[in-house]
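Student: Following this line is final.json, made up of JSON, C-alpha atoms and all ligand atoms:
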[["chain", "number", "residue", "atom", "x", "y", "z"],
["U", 20, "MET", "CA", -36.10, -24.25, -29.48],
["U", 21, "SER", "CA", -35.20, -21.55, -26.98],
["U", 22, "LYS", "CA", -38.72, -21.88, -25.56],
["U", 23, "THR", "CA", -38.05, -25.37, -24.27],
["U", 24, "LYS", "CA", -34.63, -24.55, -22.78],
["U", 25, "PRO", "CA", -35.77, -23.14, -19.39],
["U", 26, "ASN", "CA", -37.77, -26.34, -18.78],
["U", 27, "THR", "CA", -34.79, -28.49, -19.66],
["U", 28, "VAL", "CA", -32.56, -26.52, -17.28],
["U", 29, "SER", "CA", -35.03, -26.61, -14.43],
["U", 30, "ALA", "CA", -35.57, -30.35, -14.96],
["U", 31, "THR", "CA", -31.80, -30.89, -14.83],
["U", 32, "SER", "CA", -31.47, -28.63, -11.75],
["U", 33, "SER", "CA", -34.08, -30.53, -9.86],
["U", 34, "ALA", "CA", -32.36, -33.73, -10.88],
["U", 35, "ALA", "CA", -29.13, -32.25, -9.49],
["U", 36, "ALA", "CA", -30.89, -31.25, -6.30],
["U", 37, "ALA", "CA", -32.31, -34.75, -6.06],
["U", 38, "MET", "CA", -28.82, -36.21, -6.61],
["U", 39, "THR", "CA", -27.44, -34.37, -3.57],
["U", 40, "THR", "CA", -29.21, -35.36, -0.38],
["U", 41, "PRO", "CA", -29.54, -32.88, 2.51],
["U", 42, "ALA", "CA", -27.41, -35.16, 4.65],
["U", 43, "GLN", "CA", -24.69, -35.13, 2.00],
["U", 44, "LEU", "CA", -24.83, -31.32, 1.78],
["U", 45, "GLU", "CA", -24.57, -31.15, 5.55],
["U", 46, "ARG", "CA", -21.47, -33.40, 5.56],
["U", 47, "LEU", "CA", -19.85, -31.48, 2.70],
["U", 48, "GLY", "CA", -20.49, -28.22, 4.57],
["U", 49, "GLU", "CA", -18.85, -29.68, 7.68],
["U", 50, "HIS", "CA", -15.76, -30.81, 5.73],
["U", 51, "LEU", "CA", -15.41, -27.39, 4.10],
["U", 52, "ARG", "CA", -15.74, -25.63, 7.47],
["U", 53, "LYS", "CA", -13.07, -27.90, 8.99],
["U", 54, "LEU", "CA", -10.75, -27.18, 6.06],
["U", 55, "ARG", "CA", -11.62, -23.47, 6.40],
["U", 56, "LEU", "CA", -12.78, -23.37, 2.79],
["U", 57, "LEU", "CA", -15.41, -20.83, 3.74],
["U", 58, "LYS", "CA", -16.19, -19.43, 0.30],
["U", 59, "SER", "CA", -16.78, -22.96, -1.03],
["U", 60, "GLY", "CA", -19.09, -23.59, 1.93],
["U", 61, "GLU", "CA", -21.17, -20.55, 1.00],
["U", 62, "ARG", "CA", -21.26, -21.33, -2.69],
["U", 63, "LEU", "CA", -21.44, -25.13, -2.70],
["U", 64, "GLU", "CA", -25.15, -25.56, -3.35],
["U", 65, "ALA", "CA", -25.20, -22.99, -6.17],
["U", 66, "LEU", "CA", -22.07, -24.43, -7.76],
["U", 67, "LEU", "CA", -23.42, -28.00, -7.59],
["U", 68, "GLN", "CA", -26.64, -26.90, -9.26],
["U", 69, "HIS", "CA", -24.75, -24.95, -11.91],
["U", 70, "ALA", "CA", -22.47, -27.91, -12.61],
["U", 71, "ALA", "CA", -25.38, -30.33, -12.96],
["U", 72, "ALA", "CA", -27.47, -27.94, -15.08],
["U", 73, "ASN", "CA", -24.57, -27.39, -17.45],
["U", 74, "GLU", "CA", -23.29, -30.95, -17.25],
["U", 75, "LEU", "CA", -19.83, -29.66, -16.33],
["U", 76, "PRO", "CA", -17.00, -32.20, -16.51],
["U", 77, "TYR", "CA", -15.72, -33.13, -13.01],
["U", 78, "ALA", "CA", -12.40, -31.34, -13.48],
["U", 79, "GLU", "CA", -14.15, -28.15, -14.57],
["U", 80, "PHE", "CA", -16.42, -28.24, -11.52],
["U", 81, "LEU", "CA", -13.46, -28.75, -9.20],
["U", 82, "GLU", "CA", -11.55, -25.95, -10.91],
["U", 83, "GLN", "CA", -14.48, -23.59, -10.41],
["U", 84, "VAL", "CA", -14.83, -24.44, -6.71],
["U", 85, "LEU", "CA", -11.10, -24.15, -5.98],
["U", 86, "GLY", "CA", -10.68, -21.09, -8.23],
["U", 87, "GLU", "CA", -13.37, -19.19, -6.30],
["U", 88, "GLU", "CA", -11.83, -20.25, -2.99],
["U", 89, "VAL", "CA", -8.33, -19.11, -4.00],
["U", 90, "ALA", "CA", -9.67, -15.76, -5.31],
["U", 91, "ALA", "CA", -11.65, -15.18, -2.10],
["U", 92, "LYS", "CA", -8.61, -15.99, 0.07],
["U", 93, "ALA", "CA", -6.39, -13.66, -1.98],
["U", 94, "THR", "CA", -8.88, -10.78, -1.64],
["U", 95, "LYS", "CA", -9.17, -11.39, 2.11],
["U", 96, "ASN", "CA", -5.40, -11.54, 2.48],
["U", 97, "ILE", "CA", -4.94, -8.22, 0.65],
["U", 98, "ALA", "CA", -7.67, -6.60, 2.77],
["U", 99, "MET", "CA", -6.00, -7.89, 5.95],
["U", 100, "ARG", "CA", -2.53, -6.66, 4.97],
["U", 101, "THR", "CA", -4.00, -3.32, 3.89],
["U", 102, "ALA", "CA", -5.57, -2.91, 7.34],
["U", 103, "MET", "CA", -2.27, -3.93, 9.00],
["U", 104, "ALA", "CA", -0.36, -1.31, 6.98],
["U", 105, "ARG", "CA", -2.23, 1.50, 8.81],
["U", 106, "PHE", "CA", -2.53, 3.83, 5.82],
["U", 107, "PRO", "CA", -4.16, 7.20, 6.56],
["U", 108, "PHE", "CA", -6.37, 6.61, 3.50],
["U", 109, "VAL", "CA", -6.59, 3.96, 0.78],
["U", 110, "LYS", "CA", -6.15, 5.42, -2.70],
["U", 111, "PRO", "CA", -4.85, 3.23, -5.51],
["U", 112, "LEU", "CA", -2.37, 4.62, -8.01],
["U", 113, "GLU", "CA", -5.10, 4.58, -10.65],
["U", 114, "THR", "CA", -6.79, 7.48, -8.80],
["U", 115, "PHE", "CA", -3.71, 9.71, -9.12],
["U", 116, "GLU", "CA", -4.08, 12.45, -11.76],
["U", 117, "PHE", "CA", -0.64, 12.73, -13.31],
["U", 118, "GLY", "CA", -1.93, 15.47, -15.63],
["U", 119, "TYR", "CA", -2.28, 17.78, -12.63],
["U", 120, "GLN", "CA", 1.36, 17.34, -11.58],
["U", 121, "PRO", "CA", 3.58, 17.44, -14.71],
["U", 122, "SER", "CA", 6.82, 17.55, -12.69],
["U", 123, "ILE", "CA", 6.24, 13.90, -11.71],
["U", 124, "ASP", "CA", 7.91, 11.39, -14.02],
["U", 125, "ARG", "CA", 4.91, 9.18, -14.70],
["U", 126, "LYS", "CA", 7.05, 6.44, -16.25],
["U", 127, "LEU", "CA", 9.23, 6.29, -13.16],
["U", 128, "VAL", "CA", 6.17, 5.95, -10.92],
["U", 129, "GLN", "CA", 4.80, 3.16, -13.16],
["U", 130, "GLN", "CA", 8.17, 1.41, -12.89],
["U", 131, "LEU", "CA", 8.14, 1.76, -9.11],
["U", 132, "ALA", "CA", 4.63, 0.26, -9.16],
["U", 133, "ASN", "CA", 6.25, -2.98, -10.44],
["U", 134, "CYS", "CA", 7.88, -3.21, -7.01],
["U", 135, "HIS", "CA", 11.35, -4.07, -8.36],
["U", 136, "PHE", "CA", 12.74, -1.40, -6.01],
["U", 137, "ILE", "CA", 11.57, -3.59, -3.12],
["U", 138, "GLU", "CA", 13.42, -6.65, -4.42],
["U", 139, "HIS", "CA", 16.54, -4.52, -4.91],
["U", 140, "GLY", "CA", 16.25, -2.94, -1.46],
["U", 141, "ASP", "CA", 16.13, 0.59, -2.90],
["U", 142, "ASN", "CA", 14.57, 3.55, -1.11],
["U", 143, "VAL", "CA", 12.16, 5.99, -2.70],
["U", 144, "ILE", "CA", 12.24, 9.56, -1.45],
["U", 145, "VAL", "CA", 9.47, 11.94, -2.43],
["U", 146, "LEU", "CA", 10.10, 15.65, -1.85],
["U", 147, "GLY", "CA", 7.79, 18.58, -2.42],
["U", 148, "PRO", "CA", 5.60, 21.25, -0.86],
["U", 149, "PRO", "CA", 2.30, 20.44, 0.90],
["U", 150, "GLY", "CA", -0.61, 19.05, -1.09],
["U", 151, "VAL", "CA", 1.29, 17.87, -4.18],
["U", 152, "GLY", "CA", 0.45, 14.19, -3.61],
["U", 153, "LYS", "CA", 3.44, 12.85, -1.64],
["U", 154, "THR", "CA", 1.31, 10.88, 0.83],
["U", 155, "HIS", "CA", -1.01, 9.74, -1.96],
["U", 156, "LEU", "CA", 1.94, 8.34, -3.96],
["U", 157, "GLY", "CA", 3.37, 6.68, -0.84],
["U", 158, "VAL", "CA", 0.03, 5.00, -0.09],
["U", 159, "SER", "CA", -0.51, 3.99, -3.74],
["U", 160, "LEU", "CA", 2.93, 2.39, -4.02],
["U", 161, "GLY", "CA", 2.35, 0.72, -0.65],
["U", 162, "LEU", "CA", -0.87, -0.79, -2.01],
["U", 163, "LYS", "CA", 1.00, -2.10, -5.07],
["U", 164, "ALA", "CA", 3.52, -3.72, -2.72],
["U", 165, "ILE", "CA", 0.69, -5.38, -0.79],
["U", 166, "GLU", "CA", -0.82, -6.68, -4.05],
["U", 167, "ALA", "CA", 2.62, -8.09, -4.91],
["U", 168, "GLY", "CA", 2.55, -10.02, -1.62],
["U", 169, "TYR", "CA", 4.76, -7.83, 0.61],
["U", 170, "ARG", "CA", 4.07, -6.73, 4.17],
["U", 171, "VAL", "CA", 3.92, -2.94, 4.44],
["U", 172, "LEU", "CA", 3.77, -0.51, 7.36],
["U", 173, "PHE", "CA", 2.94, 3.20, 7.08],
["U", 174, "THR", "CA", 3.81, 5.76, 9.75],
["U", 175, "THR", "CA", 4.45, 9.46, 10.02],
["U", 176, "ALA", "CA", 7.94, 10.45, 11.11],
["U", 177, "SER", "CA", 6.61, 12.10, 14.27],
["U", 178, "ALA", "CA", 4.53, 9.04, 15.31],
["U", 179, "LEU", "CA", 7.52, 6.79, 14.63],
["U", 180, "ILE", "CA", 9.90, 8.89, 16.72],
["U", 181, "GLU", "CA", 7.36, 9.29, 19.51],
["U", 182, "LYS", "CA", 6.91, 5.49, 19.70],
["U", 183, "LEU", "CA", 10.67, 4.84, 19.63],
["U", 184, "THR", "CA", 11.30, 7.48, 22.30],
["U", 185, "LYS", "CA", 8.62, 6.01, 24.59],
["U", 186, "ALA", "CA", 9.90, 2.46, 24.03],
["U", 187, "HIS", "CA", 13.46, 3.62, 24.76],
["U", 188, "ALA", "CA", 12.35, 5.21, 28.05],
["U", 189, "GLU", "CA", 10.53, 1.99, 29.00],
["U", 190, "GLY", "CA", 13.47, -0.26, 28.09],
["U", 191, "ARG", "CA", 11.58, -1.80, 25.15],
["U", 192, "LEU", "CA", 13.53, -0.18, 22.29],
["U", 193, "GLU", "CA", 14.72, -3.46, 20.79],
["U", 194, "GLU", "CA", 11.16, -4.76, 20.56],
["U", 195, "LYS", "CA", 9.95, -1.55, 18.87],
["U", 196, "LEU", "CA", 12.89, -1.44, 16.44],
["U", 197, "LYS", "CA", 12.00, -5.00, 15.40],
["U", 198, "LEU", "CA", 8.43, -3.93, 14.75],
["U", 199, "TYR", "CA", 9.65, -1.30, 12.26],
["U", 200, "THR", "CA", 12.29, -3.56, 10.71],
["U", 201, "ALA", "CA", 10.02, -6.55, 10.15],
["U", 202, "PRO", "CA", 7.75, -5.20, 7.37],
["U", 203, "ARG", "CA", 9.32, -5.58, 3.95],
["U", 204, "LEU", "CA", 8.41, -1.99, 3.06],
["U", 205, "LEU", "CA", 8.29, 0.83, 5.61],
["U", 206, "ILE", "CA", 6.73, 4.14, 4.58],
["U", 207, "VAL", "CA", 7.78, 7.14, 6.67],
["U", 208, "ASP", "CA", 5.66, 10.16, 5.81],
["U", 209, "GLU", "CA", 6.10, 13.84, 6.66],
["U", 210, "ILE", "CA", 9.76, 14.12, 7.59],
["U", 211, "GLY", "CA", 10.30, 17.76, 8.40],
["U", 212, "TYR", "CA", 6.81, 18.86, 9.40],
["U", 213, "LEU", "CA", 7.73, 18.76, 13.07],
["U", 214, "PRO", "CA", 11.21, 19.35, 14.48],
["U", 215, "ILE", "CA", 12.98, 16.29, 15.89],
["U", 216, "ASP", "CA", 15.21, 16.53, 18.96],
["U", 217, "ARG", "CA", 18.64, 14.96, 19.13],
["U", 218, "GLY", "CA", 17.42, 11.88, 21.04],
["U", 219, "GLY", "CA", 14.71, 11.33, 18.43],
["U", 220, "ALA", "CA", 17.21, 11.81, 15.60],
["U", 221, "ASN", "CA", 19.49, 9.20, 17.17],
["U", 222, "LEU", "CA", 16.67, 6.68, 17.42],
["U", 223, "PHE", "CA", 15.67, 7.38, 13.82],
["U", 224, "PHE", "CA", 19.27, 6.82, 12.78],
["U", 225, "GLN", "CA", 19.27, 3.46, 14.58],
["U", 226, "LEU", "CA", 16.23, 2.37, 12.60],
["U", 227, "ILE", "CA", 17.72, 3.56, 9.30],
["U", 228, "SER", "CA", 20.92, 1.61, 10.07],
["U", 229, "ARG", "CA", 18.91, -1.55, 10.77],
["U", 230, "ARG", "CA", 17.01, -1.30, 7.51],
["U", 231, "TYR", "CA", 20.03, -0.20, 5.47],
["U", 232, "GLU", "CA", 20.53, -2.45, 2.44],
["U", 233, "ARG", "CA", 17.92, -4.86, 3.77],
["U", 234, "GLY", "CA", 14.58, -3.16, 4.08],
["U", 235, "PRO", "CA", 13.46, -0.66, 1.46],
["U", 236, "MET", "CA", 11.60, 2.47, 2.53],
["U", 237, "ILE", "CA", 9.49, 5.19, 1.01],
["U", 238, "LEU", "CA", 10.08, 8.54, 2.70],
["U", 239, "THR", "CA", 8.33, 11.82, 2.06],
["U", 240, "SER", "CA", 9.40, 15.30, 3.09],
["U", 241, "ASN", "CA", 8.45, 18.92, 2.50],
["U", 242, "GLN", "CA", 12.07, 19.91, 3.23],
["U", 243, "SER", "CA", 15.03, 19.78, 0.87],
["U", 244, "PHE", "CA", 17.90, 17.50, 1.88],
["U", 245, "GLY", "CA", 19.87, 20.65, 2.68],
["U", 246, "ALA", "CA", 17.36, 21.48, 5.43],
["U", 247, "TRP", "CA", 17.46, 18.02, 7.05],
["U", 248, "GLY", "CA", 20.24, 19.18, 9.35],
["U", 249, "GLU", "CA", 17.72, 21.54, 10.95],
["U", 250, "VAL", "CA", 14.92, 18.99, 10.82],
["U", 251, "PHE", "CA", 17.01, 16.50, 12.83],
["U", 252, "GLY", "CA", 18.54, 19.20, 15.02],
["U", 253, "ASP", "CA", 22.01, 17.90, 14.20],
["U", 254, "ARG", "CA", 23.91, 18.15, 10.93],
["U", 255, "VAL", "CA", 26.14, 15.17, 11.66],
["U", 256, "ILE", "CA", 23.24, 12.81, 12.34],
["U", 257, "ALA", "CA", 21.31, 14.18, 9.34],
["U", 258, "THR", "CA", 24.32, 13.53, 7.09],
["U", 259, "ALA", "CA", 24.70, 10.00, 8.45],
["U", 260, "ILE", "CA", 21.00, 9.33, 7.89],
["U", 261, "LEU", "CA", 21.09, 10.74, 4.33],
["U", 262, "ASP", "CA", 24.28, 8.86, 3.54],
["U", 263, "ARG", "CA", 22.55, 5.54, 4.18],
["U", 264, "LEU", "CA", 19.19, 6.50, 2.72],
["U", 265, "LEU", "CA", 20.62, 7.84, -0.54],
["U", 266, "HIS", "CA", 23.11, 5.04, -1.15],
["U", 267, "HIS", "CA", 20.45, 3.08, -3.08],
["U", 268, "ALA", "CA", 17.62, 5.50, -3.70],
["U", 269, "VAL", "CA", 15.33, 7.09, -6.22],
["U", 270, "THR", "CA", 14.42, 10.69, -5.45],
["U", 271, "MET", "CA", 11.38, 12.43, -6.86],
["U", 272, "ASN", "CA", 11.10, 16.19, -6.60],
["U", 273, "ILE", "CA", 7.55, 17.36, -7.06],
["U", 274, "ARG", "CA", 7.21, 21.01, -7.99],
["U", 275, "GLY", "CA", 3.69, 22.24, -8.49],
["U", 276, "ASN", "CA", 0.43, 23.40, -7.03],
["U", 277, "SER", "CA", -1.31, 21.81, -4.09],
["U", 278, "TYR", "CA", -4.07, 19.50, -5.24],
["U", 279, "ARG", "CA", -6.05, 20.78, -2.27],
["U", 280, "LEU", "CA", -6.19, 24.18, -4.05],
["U", 281, "LYS", "CA", -7.32, 22.68, -7.35],
["U", 282, "ASP", "CA", -10.81, 24.15, -7.32],
["U", 283, "LYS", "CA", -9.64, 27.50, -5.91],
["U", 284, "LEU", "CA", -7.00, 27.77, -8.65],
["U", 285, "LYS", "CA", -9.61, 27.01, -11.25],
["U", 286, "ALA", "CA", -11.85, 29.72, -9.85],
["U", 287, "GLY", "CA", -8.90, 32.15, -9.86],
["U", 288, "LEU", "CA", -9.05, 32.57, -6.07],
["U", 289, "VAL", "CA", -5.34, 31.82, -5.57],
["U", 290, "ARG", "CA", -2.24, 32.39, -7.69],
["U", 291, "PRO", "CA", -0.66, 29.33, -9.33],
["U", 292, "HIS", "CA", 2.80, 28.10, -8.32],
["U", 293, "GLU", "CA", 5.62, 29.49, -10.43],
["U", 294, "ASP", "CA", 8.48, 27.12, -11.11],
["U", 295, "ASN", "CA", 11.57, 29.15, -10.22],
["U", 296, "GLY", "CA", 13.86, 26.22, -10.98],
["U", 297, "SER", "CA", 14.66, 25.61, -7.33],
["U", 298, "GLN", "CA", 15.48, 22.02, -6.48],
["U", 299, "PRO", "CA", 13.85, 20.80, -3.27],
["U", 300, "GLY", "CA", 16.27, 17.86, -3.41],
["U", 301, "GLY", "CA", 19.19, 20.32, -3.23],
["U", 302, "GLU", "CA", 22.55, 19.60, -1.70],
["U", 303, "ILE", "CA", 23.30, 18.92, 1.93],
["A", 401, "LIG", "P1", 1.04, 15.84, 0.41],
["A", 401, "LIG", "O1", 1.30, 14.59, 1.13],
["A", 401, "LIG", "O2", 2.04, 16.15, -0.66],
["A", 401, "LIG", "O3", 0.83, 17.02, 1.32],
["A", 401, "LIG", "P2", -1.40, 14.49, -0.28],
["A", 401, "LIG", "O4", -0.92, 13.27, -0.94],
["A", 401, "LIG", "O5", -1.91, 14.35, 1.11],
["A", 401, "LIG", "O6", -0.34, 15.67, -0.37],
["A", 401, "LIG", "O7", -2.55, 15.12, -1.20],
["A", 401, "LIG", "C1", -3.58, 15.97, -0.67],
["A", 401, "LIG", "C2", -4.93, 15.46, -1.17],
["A", 401, "LIG", "O8", -5.01, 15.65, -2.58],
["A", 401, "LIG", "C3", -5.14, 13.97, -0.93],
["A", 401, "LIG", "O9", -6.51, 13.76, -0.71],
["A", 401, "LIG", "C4", -4.69, 13.34, -2.26],
["A", 401, "LIG", "O10", -5.36, 12.13, -2.48],
["A", 401, "LIG", "C5", -5.10, 14.40, -3.25],
["A", 401, "LIG", "N1", -4.18, 14.47, -4.40],
["A", 401, "LIG", "C6", -2.97, 15.09, -4.43],
["A", 401, "LIG", "N2", -2.43, 15.06, -5.65],
["A", 401, "LIG", "C7", -3.30, 14.37, -6.43],
["A", 401, "LIG", "C8", -3.31, 13.99, -7.81],
["A", 401, "LIG", "N3", -2.32, 14.36, -8.64],
["A", 401, "LIG", "N4", -4.37, 13.29, -8.26],
["A", 401, "LIG", "C9", -5.39, 12.96, -7.42],
["A", 401, "LIG", "N5", -5.45, 13.30, -6.13],
["A", 401, "LIG", "C10", -4.43, 14.00, -5.62],
["A", 402, "MG", "MG", 1.26, 14.31, 3.16]]
Show me this structure written as structure tokens.

Tutor:
Amino acid sequence: MSKTKPNTVSATSSAAAAMTTPAQLERLGEHLRKLRLLKSGERLEALLQHAAANELPYAEFLEQVLGEEVAAKATKNIAMRTAMARFPFVKPLETFEFGYQPSIDRKLVQQLANCHFIEHGDNVIVLGPPGVGKTHLGVSLGLKAIEAGYRVLFTTASALIEKLTKAHAEGRLEEKLKLYTAPRLLIVDEIGYLPIDRGGANLFFQLISRRYERGPMILTSNQSFGAWGEVFGDRVIATAILDRLLHHAVTMNIRGNSYRLKDKLKAGLVRPHEDNGSQPGGEI
């Protein structure tokens, strides 16, 4: 029986091809282009042949065409929003090795990946020494937010402050503040790597005030909260910033070895980190 099947299929396919005239295909292609159903345009001939060969019911055929179009548009939309987010790299959460960093509460990260913190307007603050995966976690959670349909923007603290300072000098501060308030989730990486002057700290405070209780943020820092006074060059501003940030916030303290030293540690070339119980989150 199976021997005769290919002939049957090819006979049906040619019948299907015969049923659709080139002029009809041309017109269908034109309609799909006008409606910007580009995936359907690409796939139409193959889908028509498949439908005829398998004698698909009309509704099933339509479902297949529209289903592929919707899936293609969703993938394109995610790719576009990922590009707009300006991540330094694209690494999904699934690539994060929790086993390497036992001080991270895996369950908490999985919960954050559900993006409820975004709906609630909560901030996520990730503290820890260099190389422990702060940026990676920020990017991964940002990608989850994009998948959930949110607009995300990633920036380093120094780039953010540089842009705000320049805009302020050029009388375009309002415009720039809007740019950083508009995305549903703003990720500010590397607070504390470079010192911030008082003018910069003031501008950062203005942004934090705008987003307060409206726009959730993910912030990462290699400095404990207690050191933010020095980071911002002003204890009063640092306290005001922390007051708003921490009002609705989840803080993760990562204590562990740099992932960048993974292979060196394995080879015994460097000494592993010893947990001395210090709390990077500390007190102000
Ligand atoms: P941090 O921002 O804390 O300095 P990064 O997130 O930039 O560290 O991590 C440094 C590098 O190591 C990146 O390439 C990151 O993807 C990788 N990395 C860090 N921690 C992990 C981990 N637990 N699993 C997989 N990759 C990791
Ligand atoms: Mg980093």

Student: With a distance cut-off of 9 Å and all atoms listed in the file, select the neighbouring residues of U:Pro235, excluding the residue or stretch itself and same-chain residues fewer than 6 positions from it, and output the selection as JSON, numbers by chain.

Tutor: {"U": [136, 137, 138, 139, 140, 141, 142, 143, 203, 204, 205, 206]}

Student: Can you work out which one of U:Gly150, U:Gly86, U:Gly118, U:Gly168 has the shortest atom-to-atom distance to ligand LIG 401 (chain A), counting all atoms listed in the file?

Tutor: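 Residue with the minimum atom-to-atom distance to ligand LIG 401 (chain A): U:Gly150.
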
Student: If you count only C-alpha atoms and all ligand atoms, which residues end up within 7 Å of ligand MG 402 (chain A), as a PDB file with C-alpha atoms, in the frame of the given file?

Tutor:
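Final output, pocket_15.pdb:
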ATOM      1  CA  PRO U 149       2.300  20.440   0.900  1.00  0.00           C
ATOM      2  CA  GLY U 150      -0.610  19.050  -1.090  1.00  0.00           C
ATOM      3  CA  GLY U 152       0.450  14.190  -3.610  1.00  0.00           C
ATOM      4  CA  LYS U 153       3.440  12.850  -1.640  1.00  0.00           C
ATOM      5  CA  THR U 154       1.310  10.880   0.830  1.00  0.00           C
ATOM      6  CA  ASP U 208       5.660  10.160   5.810  1.00  0.00           C
ATOM      7  CA  GLU U 209       6.100  13.840   6.660  1.00  0.00           C
TER       8      GLU U 209
END

Student: Give the residue list for ligand LIG 401 (chain A) at 7 Å, counting only C-alpha atoms and all ligand atoms, as a ChimeraX atom specification, sorted by chain and then by residue number.

Tutor: /U:110,114-117,119-120,147-156,277-279

Student: For the residues in the current selection, export C-alpha atoms as a compact mmCIF listing (two decimals), in the coordinates of the input.

Tutor:
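And here is the file that came out, result.txt:
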# COMPACT_ATOMS: atom_id res chain seq x y z
CA LYS U 110 -6.15 5.42 -2.70
CA THR U 114 -6.79 7.48 -8.80
CA PHE U 115 -3.71 9.71 -9.12
CA GLU U 116 -4.08 12.45 -11.76
CA PHE U 117 -0.64 12.73 -13.31
CA TYR U 119 -2.28 17.78 -12.63
CA GLN U 120 1.36 17.34 -11.58
CA GLY U 147 7.79 18.58 -2.42
CA PRO U 148 5.60 21.25 -0.86
CA PRO U 149 2.30 20.44 0.90
CA GLY U 150 -0.61 19.05 -1.09
CA VAL U 151 1.29 17.87 -4.18
CA GLY U 152 0.45 14.19 -3.61
CA LYS U 153 3.44 12.85 -1.64
CA THR U 154 1.31 10.88 0.83
CA HIS U 155 -1.01 9.74 -1.96
CA LEU U 156 1.94 8.34 -3.96
CA SER U 277 -1.31 21.81 -4.09
CA TYR U 278 -4.07 19.50 -5.24
CA ARG U 279 -6.05 20.78 -2.27

Student: My list of candidates is U:Leu179, U:Ile144, U:Leu127, U:Ala93. Which is closest to U:Leu265 when distances are computed with all atoms listed in the file?

Tutor: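 Ranked by minimum distance to U:Leu265, first place goes to U:Ile144.
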
Student: List the spatial neighbours of stretch 102-107 of chain U as a PyMOL selection string - criterion: any atom at most 10 Å away, only C-alpha atoms, same-chain residues fewer than 2 positions off excluded.

Tutor: chain U and resi 96-100+109-110+154-155+157-159+161-162+165+170-175+202+204-206

Student: Write out as a tab-separated table (two decimals) with C-alpha atoms, in the coordinates of the input which residues come within 9 Å of stretch 51-66 of chain U when counting only C-alpha atoms, dropping same-chain ones fewer than 5 positions away.

Tutor:
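Result saved to result_29.tsv:
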chain	number	residue	atom	x	y	z
U	36	ALA	CA	-30.89	-31.25	-6.30
U	44	LEU	CA	-24.83	-31.32	1.78
U	46	ARG	CA	-21.47	-33.40	5.56
U	71	ALA	CA	-25.38	-30.33	-12.96
U	80	PHE	CA	-16.42	-28.24	-11.52
U	83	GLN	CA	-14.48	-23.59	-10.41
U	84	VAL	CA	-14.83	-24.44	-6.71
U	85	LEU	CA	-11.10	-24.15	-5.98
U	87	GLU	CA	-13.37	-19.19	-6.30
U	88	GLU	CA	-11.83	-20.25	-2.99
U	89	VAL	CA	-8.33	-19.11	-4.00
U	91	ALA	CA	-11.65	-15.18	-2.10
U	92	LYS	CA	-8.61	-15.99	0.07

Student: Please compute the atom CA of U:Met271-atom CA of U:Gly234 distance, one decimal, in Å.

Tutor: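 Computing it gives 19.3 Å between the two atoms.
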
Student: Return the single residue from U:Leu264, U:Leu47, U:Ile273, U:Val255 that is closest to U:Asn241, with distances computed using only C-alpha atoms.

Tutor: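 For U:Asn241, the nearest of the candidates is U:Ile273.
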
Student: Suppose you want the space between atom CA of U:Val145 and atom CA of U:His187; what is it in Å?

Tutor: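 Rounded to one decimal, the two atoms are 28.7 Å apart.
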
Student: Extract, using all atoms listed in the file, all DNA, RNA and protein residues at most 7 Å from U:Ala132, discarding same-chain residues fewer than 2 positions from it, and format them as a PyMOL selection string.

Tutor: chain U and resi 128-130+134+160+163

Student: Taking all atoms listed in the file into account, name the residue in U:Gly190, U:Phe224, U:Tyr169, U:His69 that is nearest to U:Asp262.

Tutor: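 Among the listed residues, U:Phe224 lies closest to U:Asp262.
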
Student: Pick the closest to U:Leu198 from U:Leu226, U:Ala176, U:Leu238, U:Ala286: which is it, counting all atoms listed in the file?

Tutor: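 Nearest to U:Leu198: U:Leu226.
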
Student: To one decimal in Å, tell me the separation between atom CA of U:Asn272 and atom CA of U:Leu146.

Tutor: 4.9 Å
